[in-house]
$ cat coords-v4.csv   # CSV, C-alpha atoms
chain,number,residue,atom,x,y,z
Z,1,MET,CA,-4.1,5.9,3.5
Z,2,GLU,CA,-3.8,8.5,0.7
Z,3,TRP,CA,-6.7,9.6,-1.4
Z,4,HIS,CA,-5.9,11.3,-4.7
Z,5,PHE,CA,-8.1,14.4,-5.1
Z,6,LYS,CA,-10.0,14.5,-8.4
Z,7,GLY,CA,-13.3,16.2,-7.8
Z,8,ILE,CA,-15.8,16.3,-10.7
Z,9,ALA,CA,-14.0,16.0,-14.0
Z,10,ARG,CA,-14.9,18.3,-16.9
Z,11,LYS,CA,-13.0,16.1,-19.4
Z,12,SER,CA,-12.1,12.5,-20.0
Z,13,SER,CA,-9.2,11.2,-17.8
Z,14,LEU,CA,-8.1,9.1,-20.8
Z,15,SER,CA,-8.6,11.1,-24.0
Z,16,ARG,CA,-8.8,14.6,-22.4
Z,17,THR,CA,-12.0,15.1,-24.5
Z,18,PRO,CA,-14.2,17.7,-22.8
Z,19,PHE,CA,-17.5,16.3,-21.6
Z,20,VAL,CA,-20.6,17.8,-23.1
Z,21,SER,CA,-24.1,18.0,-21.8
Z,22,GLY,CA,-25.8,14.6,-22.1
Z,23,ASP,CA,-22.6,12.5,-22.1
Z,24,ARG,CA,-22.7,9.3,-20.1
Z,25,VAL,CA,-19.6,9.2,-18.0
Z,26,ALA,CA,-18.2,6.2,-16.1
Z,27,CYS,CA,-16.6,7.2,-12.8
Z,28,ILE,CA,-14.1,4.6,-11.6
Z,29,ILE,CA,-12.4,4.5,-8.2
Z,30,PHE,CA,-9.2,2.5,-8.1
Z,31,LYS,CA,-6.2,1.8,-6.0
Z,32,ASP,CA,-3.0,2.9,-7.7
Z,33,TYR,CA,-0.4,0.5,-6.4
Z,34,LYS,CA,2.5,2.4,-7.9
Z,35,VAL,CA,1.9,5.5,-5.7
Z,36,GLY,CA,-0.2,3.8,-3.1
Z,37,GLU,CA,-3.1,6.2,-3.5
Z,38,ILE,CA,-6.8,6.0,-4.3
Z,39,GLY,CA,-7.5,7.4,-7.7
Z,40,ARG,CA,-10.6,8.4,-9.7
Z,41,MET,CA,-11.0,8.4,-13.4
Z,42,ASP,CA,-13.9,9.8,-15.3
Z,43,LEU,CA,-14.3,8.3,-18.7
Z,44,LEU,CA,-16.6,8.3,-21.7
Z,45,MET,CA,-18.5,5.0,-21.8
Z,46,HIS,CA,-16.8,3.8,-25.0
Z,47,GLU,CA,-13.4,4.4,-23.4
Z,48,VAL,CA,-14.0,2.1,-20.4
Z,49,ASP,CA,-12.9,-1.1,-22.1
Z,50,THR,CA,-9.8,0.5,-23.5
Z,51,ILE,CA,-8.4,1.9,-20.3
Z,52,ASP,CA,-5.4,0.3,-18.7
Z,53,LEU,CA,-5.8,1.1,-15.0
Z,54,PRO,CA,-2.6,1.4,-12.9
Z,55,GLY,CA,-4.4,-0.7,-10.2
Z,56,GLU,CA,-7.6,-2.6,-9.3
Z,57,ILE,CA,-11.0,-1.2,-9.6
Z,58,LEU,CA,-12.7,-0.7,-6.2
Z,59,GLY,CA,-16.0,0.8,-7.3
Z,60,ARG,CA,-17.7,2.5,-10.2
Z,61,TRP,CA,-20.9,4.4,-11.1
Z,62,MET,CA,-22.3,6.3,-14.0
Z,63,ARG,CA,-23.3,9.9,-14.3
Z,64,VAL,CA,-24.8,12.0,-17.0
Z,65,VAL,CA,-23.1,15.3,-17.7
Z,66,LYS,CA,-25.3,18.3,-17.0
Z,67,ASP,CA,-25.3,21.7,-18.7
Z,68,PRO,CA,-23.3,24.1,-16.6
Z,69,ASP,CA,-26.3,26.4,-16.5
Z,70,GLU,CA,-28.6,23.6,-15.3
Z,71,GLU,CA,-29.3,23.1,-11.6
Z,72,GLY,CA,-27.2,20.5,-9.8
Z,73,THR,CA,-27.8,16.8,-9.9
Z,74,SER,CA,-31.1,15.8,-8.3
Z,75,VAL,CA,-31.1,14.0,-5.0
Z,76,ARG,CA,-32.6,11.0,-6.7
Z,77,GLU,CA,-29.8,10.8,-9.3
Z,78,THR,CA,-27.2,11.2,-6.6
Z,79,VAL,CA,-28.7,8.4,-4.5
Z,80,ALA,CA,-28.9,6.2,-7.6
Z,81,SER,CA,-25.2,6.8,-8.3
Z,82,ALA,CA,-24.2,6.2,-4.6
Z,83,GLU,CA,-26.3,2.9,-4.7
Z,84,GLU,CA,-24.5,1.8,-7.9
Z,85,CYS,CA,-21.1,2.6,-6.4
Z,86,PHE,CA,-21.9,0.8,-3.2
Z,87,LEU,CA,-23.0,-2.4,-4.9
Z,88,SER,CA,-20.0,-2.3,-7.2
Z,89,LEU,CA,-17.7,-2.4,-4.1
Z,90,TYR,CA,-18.9,-5.9,-3.7
Z,91,ALA,CA,-18.6,-6.9,-7.3
Z,92,HIS,CA,-14.8,-7.0,-7.5
Z,93,ALA,CA,-12.5,-9.2,-5.5
Z,94,GLN,CA,-9.7,-6.8,-4.4
Z,95,SER,CA,-6.6,-7.5,-2.4
Z,96,GLY,CA,-4.5,-4.9,-0.9
Z,97,ALA,CA,-7.1,-2.2,-0.6
Z,98,GLU,CA,-9.2,-3.6,2.3
Z,99,ASP,CA,-8.9,-0.5,4.4
Z,100,GLU,CA,-10.1,1.9,1.7
Z,101,LEU,CA,-12.9,-0.5,0.7
Z,102,ALA,CA,-14.1,-0.9,4.3
Z,103,ALA,CA,-14.2,2.9,4.8
Z,104,MET,CA,-16.2,3.4,1.6
Z,105,LYS,CA,-18.6,0.6,2.4
Z,106,HIS,CA,-19.2,1.8,5.9
Z,107,LEU,CA,-19.7,5.4,4.7
Z,108,LEU,CA,-22.0,4.7,1.8
Z,109,ALA,CA,-24.0,2.1,3.8
Z,110,LEU,CA,-24.8,4.8,6.4
Z,111,MET,CA,-25.8,7.3,3.8
Z,112,LEU,CA,-27.9,4.8,1.9
Z,113,GLU,CA,-29.6,3.6,5.1
Z,114,ARG,CA,-30.6,7.2,5.7
Z,115,LYS,CA,-32.1,7.3,2.2
Z,116,ARG,CA,-33.9,3.9,2.9
Z,117,VAL,CA,-32.0,2.2,0.0
Z,118,LEU,CA,-30.5,-0.2,2.6
Z,119,ARG,CA,-32.0,-1.4,5.8
Z,120,ALA,CA,-29.9,-2.5,8.7
Z,121,VAL,CA,-30.7,-6.0,9.8
Z,122,GLY,CA,-30.8,-7.3,13.4
Z,123,LYS,CA,-29.2,-5.4,16.3
Z,124,ARG,CA,-27.5,-2.2,15.4
Z,125,HIS,CA,-23.8,-2.8,15.8
Z,126,LYS,CA,-21.3,-0.1,16.6
Z,127,ALA,CA,-18.2,-2.3,16.0
Z,128,GLY,CA,-17.4,-5.3,13.9
Z,129,THR,CA,-19.8,-5.9,11.0
Z,130,GLN,CA,-23.4,-4.7,10.3
Z,131,SER,CA,-25.6,-6.7,8.0
Z,132,TYR,CA,-27.8,-4.8,5.6
Z,133,ILE,CA,-30.4,-5.7,3.1
Z,134,HIS,CA,-30.6,-3.9,-0.2
Z,135,VAL,CA,-34.3,-3.1,-0.2
Z,136,LYS,CA,-34.8,-3.3,-4.0
Z,137,THR,CA,-33.0,-6.6,-4.7
Z,138,LYS,CA,-33.2,-8.2,-1.2
Z,139,GLN,CA,-29.4,-8.8,-1.5
Z,140,MET,CA,-27.8,-9.2,1.9
Z,141,VAL,CA,-24.4,-7.4,2.4
Z,142,ASP,CA,-22.1,-7.3,5.4
Z,143,VAL,CA,-20.6,-3.9,6.0
Z,144,PRO,CA,-17.5,-3.5,8.1
Z,145,ILE,CA,-17.7,-0.8,10.8
Z,146,VAL,CA,-14.5,1.2,10.8
Z,147,GLU,CA,-13.4,4.4,12.3
Z,148,ILE,CA,-13.4,7.3,9.8
Z,149,SER,CA,-11.6,10.4,11.0
Z,150,ALA,CA,-12.7,13.9,10.0
Z,151,ASP,CA,-9.6,14.2,7.9
Z,152,LEU,CA,-10.3,10.9,6.1
Z,153,MET,CA,-13.9,11.9,5.6
Z,154,LEU,CA,-12.7,15.1,3.8
Z,155,ARG,CA,-10.5,13.1,1.5
Z,156,ILE,CA,-13.2,10.6,0.7
Z,157,GLN,CA,-15.6,13.4,0.1
Z,158,ASP,CA,-13.1,15.0,-2.3
Z,159,THR,CA,-12.8,11.7,-4.2
Z,160,LEU,CA,-16.4,10.5,-4.2
Z,161,GLY,CA,-17.7,14.1,-4.3
Z,162,ASP,CA,-20.7,13.9,-6.4
Z,163,ILE,CA,-22.3,10.8,-4.9
Z,164,ILE,CA,-22.1,12.0,-1.3
Z,165,VAL,CA,-25.7,12.2,-0.1
O,166,MET,CA,-94.3,21.5,14.6
O,167,ASN,CA,-92.6,24.6,13.3
O,168,ARG,CA,-92.3,26.1,16.8
O,169,ALA,CA,-90.8,22.8,18.1
O,170,TYR,CA,-88.3,22.8,15.3
O,171,PHE,CA,-87.4,26.5,16.1
O,172,HIS,CA,-86.8,25.7,19.8
O,173,LEU,CA,-84.8,22.6,18.9
O,174,THR,CA,-82.6,24.6,16.5
O,175,ASN,CA,-82.1,27.4,19.0
O,176,ALA,CA,-81.1,24.8,21.7
O,177,SER,CA,-78.7,23.2,19.3
O,178,LEU,CA,-77.1,26.5,18.4
O,179,PHE,CA,-76.9,27.4,22.1
O,180,ILE,CA,-75.2,24.1,22.9
O,181,ALA,CA,-72.8,24.5,20.0
O,182,LEU,CA,-72.0,28.0,21.2
O,183,LEU,CA,-71.3,26.7,24.7
O,184,LEU,CA,-69.1,23.9,23.3
O,185,PHE,CA,-67.2,26.3,21.0
O,186,THR,CA,-66.6,28.8,23.9
O,187,GLY,CA,-65.5,25.9,26.0
O,188,CYS,CA,-63.0,24.9,23.3
O,189,LEU,CA,-61.8,28.4,23.0
O,190,ASN,CA,-61.2,28.6,26.7
O,191,SER,CA,-59.5,25.3,26.6
O,192,ILE,CA,-57.2,26.4,23.8
O,193,GLU,CA,-56.5,29.7,25.5
O,194,GLY,CA,-55.7,27.9,28.7
O,195,TYR,CA,-53.6,25.4,26.8
O,196,LYS,CA,-51.6,28.3,25.3
O,197,ASN,CA,-51.0,29.8,28.7
O,198,ASP,CA,-49.6,26.6,30.1
O,199,ILE,CA,-46.3,27.3,28.3
O,200,GLU,CA,-45.5,30.9,28.2
O,201,ASN,CA,-42.1,30.5,26.6
O,202,MET,CA,-42.6,27.7,24.3
O,203,GLN,CA,-39.2,26.5,23.0
O,204,VAL,CA,-39.1,24.2,20.0
O,205,PRO,CA,-35.6,22.6,20.0
O,206,ARG,CA,-34.0,21.0,17.0
O,207,LEU,CA,-30.6,19.7,16.0
O,208,MET,CA,-29.5,20.9,12.6
O,209,ILE,CA,-26.4,20.1,10.6
O,210,GLU,CA,-24.0,22.2,8.7
O,211,SER,CA,-24.3,21.9,5.0
O,212,ARG,CA,-21.3,20.4,3.1
O,213,GLY,CA,-19.3,22.7,0.9
O,214,MET,CA,-20.9,21.1,-2.1
O,215,SER,CA,-24.5,21.0,-3.2
O,216,TYR,CA,-24.6,18.0,-5.5
O,217,GLY,CA,-27.6,16.7,-3.6
O,218,GLY,CA,-29.3,20.0,-4.2
O,219,SER,CA,-31.6,19.8,-1.1
O,220,GLY,CA,-31.2,23.5,-0.3
O,221,VAL,CA,-29.5,25.2,2.6
O,222,SER,CA,-30.4,28.0,5.0
O,223,SER,CA,-28.0,30.2,7.0
O,224,VAL,CA,-28.0,31.0,10.7
O,225,THR,CA,-25.9,33.3,12.9
O,226,LEU,CA,-25.0,32.5,16.5
O,227,PRO,CA,-26.1,35.4,18.8
O,228,ILE,CA,-22.9,36.1,20.7
O,229,SER,CA,-20.0,34.7,18.7
O,230,GLY,CA,-21.6,35.9,15.4
O,231,SER,CA,-20.6,32.7,13.7
O,232,SER,CA,-22.5,32.2,10.5
O,233,ILE,CA,-23.3,28.6,9.5
O,234,LYS,CA,-25.0,27.2,6.5
O,235,LEU,CA,-27.4,24.5,7.4
O,236,GLU,CA,-29.2,21.7,5.7
O,237,ARG,CA,-32.9,22.6,5.6
O,238,GLU,CA,-34.2,19.5,7.4
O,239,PRO,CA,-33.3,18.9,11.0
O,240,ILE,CA,-31.3,15.8,11.9
O,241,VAL,CA,-33.2,15.6,15.2
O,242,ALA,CA,-36.6,17.2,15.2
O,243,GLU,CA,-38.5,18.5,18.3
O,244,TYR,CA,-40.5,15.3,18.8
O,245,ASP,CA,-37.3,13.2,19.0
O,246,ILE,CA,-35.8,15.3,21.8
O,247,ILE,CA,-36.9,13.6,25.0
O,248,ASN,CA,-34.9,15.4,27.7
O,249,VAL,CA,-32.5,18.3,28.2
O,250,GLU,CA,-30.3,18.8,31.2
O,251,MET,CA,-27.9,21.5,32.2
O,252,VAL,CA,-24.5,20.0,33.0
O,253,LYS,CA,-21.3,21.5,34.3
O,254,VAL,CA,-18.1,20.7,32.4
O,255,ASP,CA,-14.5,21.9,32.7
O,256,LEU,CA,-15.2,24.8,30.3
O,257,GLY,CA,-18.5,25.9,32.0
O,258,LEU,CA,-22.2,25.2,31.7
O,259,ALA,CA,-23.4,23.1,28.8
O,260,LEU,CA,-26.6,21.3,27.8
O,261,MET,CA,-27.0,17.6,27.5
O,262,ILE,CA,-29.7,16.7,25.0
O,263,GLN,CA,-31.1,13.2,25.0
O,264,VAL,CA,-32.9,11.9,21.9
O,265,THR,CA,-35.1,8.9,21.0
O,266,ASP,CA,-33.7,5.6,19.7
O,267,LYS,CA,-34.6,6.5,16.2
O,268,ALA,CA,-32.9,9.9,16.4
O,269,SER,CA,-30.0,8.3,18.2
O,270,ARG,CA,-29.4,6.2,15.1
O,271,GLU,CA,-29.5,9.3,12.9
O,272,LEU,CA,-27.1,11.0,15.2
O,273,TYR,CA,-24.8,8.0,14.9
O,274,ARG,CA,-25.0,8.0,11.1
O,275,ARG,CA,-24.4,11.7,10.8
O,276,SER,CA,-21.5,11.5,13.3
O,277,VAL,CA,-19.8,9.2,10.8
O,278,THR,CA,-20.8,10.6,7.5
O,279,HIS,CA,-20.5,14.2,8.5
O,280,ALA,CA,-17.4,14.0,10.6
O,281,GLY,CA,-16.0,17.5,10.9
O,282,SER,CA,-19.3,19.3,10.2
O,283,ARG,CA,-21.0,21.3,12.9
O,284,VAL,CA,-24.2,20.4,14.6
O,285,VAL,CA,-26.3,23.5,15.5
O,286,PHE,CA,-28.8,23.5,18.4
O,287,THR,CA,-31.7,25.7,17.5
O,288,CYS,CA,-34.8,26.9,19.5
O,289,ASN,CA,-37.7,28.4,17.6
O,290,ASP,CA,-35.4,28.4,14.5
O,291,GLN,CA,-32.8,30.6,16.3
O,292,ALA,CA,-29.3,29.1,16.5
O,293,ILE,CA,-28.1,29.2,20.1
O,294,GLY,CA,-25.2,26.7,20.1
O,295,ALA,CA,-22.9,24.8,17.8
O,296,ARG,CA,-20.4,22.0,18.2
O,297,ARG,CA,-18.3,20.2,15.6
O,298,LEU,CA,-18.7,16.4,15.1
O,299,THR,CA,-15.3,15.0,16.2
O,300,GLY,CA,-16.2,11.5,17.1
O,301,VAL,CA,-18.8,8.8,16.8
O,302,ILE,CA,-22.0,9.5,18.8
O,303,GLU,CA,-23.3,6.1,20.0
O,304,ASP,CA,-25.3,6.8,23.1
O,305,GLY,CA,-28.0,9.2,21.8
O,306,LEU,CA,-26.6,12.1,24.0
O,307,TRP,CA,-25.5,15.3,22.4
O,308,TYR,CA,-23.6,17.8,24.5
O,309,THR,CA,-23.3,21.4,23.4
O,310,PHE,CA,-22.5,24.9,24.8
O,311,VAL,CA,-25.1,27.5,24.2
O,312,GLU,CA,-24.7,31.2,23.7
O,313,ILE,CA,-27.0,32.2,26.5
O,314,PRO,CA,-25.7,34.0,29.7
O,315,ASP,CA,-25.2,31.6,32.6
O,316,ASP,CA,-27.7,33.5,34.8
O,317,GLU,CA,-30.5,32.9,32.2
O,318,LEU,CA,-29.6,29.3,31.4
O,319,GLY,CA,-31.4,27.8,34.3
O,320,GLN,CA,-34.8,29.4,33.3
O,321,PHE,CA,-34.1,28.5,29.7
O,322,VAL,CA,-33.6,24.8,30.6
O,323,LEU,CA,-36.9,24.9,32.6
O,324,ASP,CA,-38.7,26.4,29.7
O,325,LEU,CA,-37.2,23.7,27.4
O,326,LYS,CA,-38.2,20.9,29.7
O,327,ALA,CA,-41.8,22.2,29.9
O,328,SER,CA,-41.9,22.6,26.2
O,329,ILE,CA,-40.5,19.1,25.6
O,330,ALA,CA,-43.1,17.6,27.9
O,331,GLU,CA,-45.8,19.5,26.0
O,332,LEU,CA,-44.5,18.4,22.7
O,333,GLN,CA,-44.3,14.8,23.8
O,334,THR,CA,-47.9,14.8,25.1
O,335,HIS,CA,-50.1,17.2,23.2
O,336,TYR,CA,-48.4,17.7,19.9
O,337,LYS,CA,-47.1,14.3,19.1
O,338,TYR,CA,-48.9,12.5,16.3

$ encode --input "coords-v4.csv" --output "structure tokens"
Amino acid sequence: MEWHFKGIARKSSLSRTPFVSGDRVACIIFKDYKVGEIGRMDLLMHEVDTIDLPGEILGRWMRVVKDPDEEGTSVRETVASAEECFLSLYAHAQSGAEDELAAMKHLLALMLERKRVLRAVGKRHKAGTQSYIHVKTKQMVDVPIVEISADLMLRIQDTLGDIIV
Amino acid sequence: MNRAYFHLTNASLFIALLLFTGCLNSIEGYKNDIENMQVPRLMIESRGMSYGGSGVSSVTLPISGSSIKLEREPIVAEYDIINVEMVKVDLGLALMIQVTDKASRELYRRSVTHAGSRVVFTCNDQAIGARRLTGVIEDGLWYTFVEIPDDELGQFVLDLKASIAELQTHYKY
């Protein structure tokens, strides 16, 4: 599995327009079938509908661009973005990116469990599938438990970057 | 009436003084029970990014001199460490740290989400051992080498055990 490094973008992946403080930016994670990699695009909100992705959307979240002199994103904002991304992973019916999706679901679920956004239901499983309840909406989700190597973790961290909590 | 009140007040003061002295003795004796109180914690290395902005602190291991940036909050606090044993492995003497069920889940979560980061064992806020997370921790047991000479390790473990017992009984809330 290849993950394409992007990090936090300073300009739109589509128009190359530099982001300015206060811009609302849509962050999209997708599987690029041509190169077989996971990619990330950061777009201005009005650009989202015009983009022609080279693959299927896996997940998305929104962030607000901060002034470079301001302190980093608050924990609350980061958790909200991670929550949004996690729920979006269940919103699209993807095919061909199951491994990547499973890794992201597992990782984000454990992070959000720690932040009490999700609550594990029933016996804590170490293999197979773990059920979680989304505390706010009471939505039940099944999260696959997969092995994530340190190397893969680093690549996911590079891609999801700003929503790792 | 006034004299009776005076005697009553004096008696009350005297009893209060006795009780207070008794408490002091008790507290003093309580302190002396554990001469080398060790407050153990497991901390985790901070990621290279600070998007979460929760703050970091830095520690240095006493012998290797390795400097590690840590998240401010422990992943396993002193009340969640229930036993420590000295174990002999191929590379020498190490510690086996057993944690509560709640902390075991946190250790499991971190072993997945922080794969590749180091877990640092601290006592009284001093780093004394570190090990990298290289696999999933499912059993609530954390093994680590510590930077303490072998001939001092036995006594250190005894102090730790006594401290843990004290923390589990007197300090737990």

$ closest_residue --input "coords-v4.csv" --among "O:Met208, O:Ile240, O:Met251, O:Leu306" --to "chain Z" --atoms "all atoms listed in the file"
O:Ile240

$ residues_around --input "coords-v4.csv" --residues "segment 242-250 of chain O" --least-positions-apart "3" --cutoff "7 Å" --atoms "only C-alpha atoms" --output "count of residues only"
18

$ atom_distance --input "coords-v4.csv" --atom1 "atom CA of Leu112 of chain Z" --atom2 "atom CA of Glu56 of chain Z"
24.3 Å

$ residues_around --input "coords-v4.csv" --residues "segment 42-44 of chain Z" --least-positions-apart "4" --cutoff "12 Å" --atoms "all atoms listed in the file" --output "PyMOL selection string"
chain Z and resi 6-20+22-30+48-53+60-65+159-160+162

$ closest_residue --input "coords-v4.csv" --among "Z:His92, Z:Lys136, Z:Arg76, Z:Arg119" --to "chain O" --atoms "only C-alpha atoms"
Z:Arg76

$ closest_residue --input "coords-v4.csv" --among "O:Gly257, O:Gly230, O:Gly281, O:Gly319" --to "chain Z" --atoms "only C-alpha atoms"
O:Gly281

$ atom_distance --input "coords-v4.csv" --atom1 "atom CA of Ala150 of chain Z" --atom2 "atom CA of Thr299 of chain O"
6.8 Å

$ atom_distance --input "coords-v4.csv" --atom1 "atom CA of Leu258 of chain O" --atom2 "atom CA of Glu317 of chain O"
11.3 Å

$ residues_around --input "coords-v4.csv" --residues "Met202 of chain O" --least-positions-apart "3" --cutoff "12 Å" --atoms "only C-alpha atoms" --output "ChimeraX atom specification"
/O:195-199,205,243,288-289,321-332

$ residues_around --input "coords-v4.csv" --residues "Val277 of chain O" --least-positions-apart "4" --cutoff "9 Å" --atoms "all atoms listed in the file" --output "VMD selection string"
(chain Z and resid 106 to 107 110 147 to 150 153) or (chain O and resid 272 to 273 298 300 to 302)

$ write_last_selection --input "coords-v4.csv" --atoms "C-alpha atoms" --output "mmCIF file, keeping the file's coordinate frame"
data_model
loop_
_atom_site.group_PDB
_atom_site.id
_atom_site.type_symbol
_atom_site.label_atom_id
_atom_site.label_comp_id
_atom_site.auth_asym_id
_atom_site.auth_seq_id
_atom_site.Cartn_x
_atom_site.Cartn_y
_atom_site.Cartn_z
ATOM 1 C CA HIS Z 106 -19.200 1.800 5.900
ATOM 2 C CA LEU Z 107 -19.700 5.400 4.700
ATOM 3 C CA LEU Z 110 -24.800 4.800 6.400
ATOM 4 C CA GLU Z 147 -13.400 4.400 12.300
ATOM 5 C CA ILE Z 148 -13.400 7.300 9.800
ATOM 6 C CA SER Z 149 -11.600 10.400 11.000
ATOM 7 C CA ALA Z 150 -12.700 13.900 10.000
ATOM 8 C CA MET Z 153 -13.900 11.900 5.600
ATOM 9 C CA LEU O 272 -27.100 11.000 15.200
ATOM 10 C CA TYR O 273 -24.800 8.000 14.900
ATOM 11 C CA LEU O 298 -18.700 16.400 15.100
ATOM 12 C CA GLY O 300 -16.200 11.500 17.100
ATOM 13 C CA VAL O 301 -18.800 8.800 16.800
ATOM 14 C CA ILE O 302 -22.000 9.500 18.800
#

$ closest_residue --input "coords-v4.csv" --among "Z:Val121, Z:Ala82, Z:Leu87, Z:Ile164" --to "chain O" --atoms "only C-alpha atoms"
Z:Ile164

$ closest_residue --input "coords-v4.csv" --among "O:Asp304, O:Val311, O:Glu236, O:Val254" --to "Ser276 of chain O" --atoms "all atoms listed in the file"
O:Asp304

$ closest_residue --input "coords-v4.csv" --among "Z:Gly128, Z:Gly36, Z:Gly161, Z:Pro144" --to "chain O" --atoms "only C-alpha atoms"
Z:Gly161
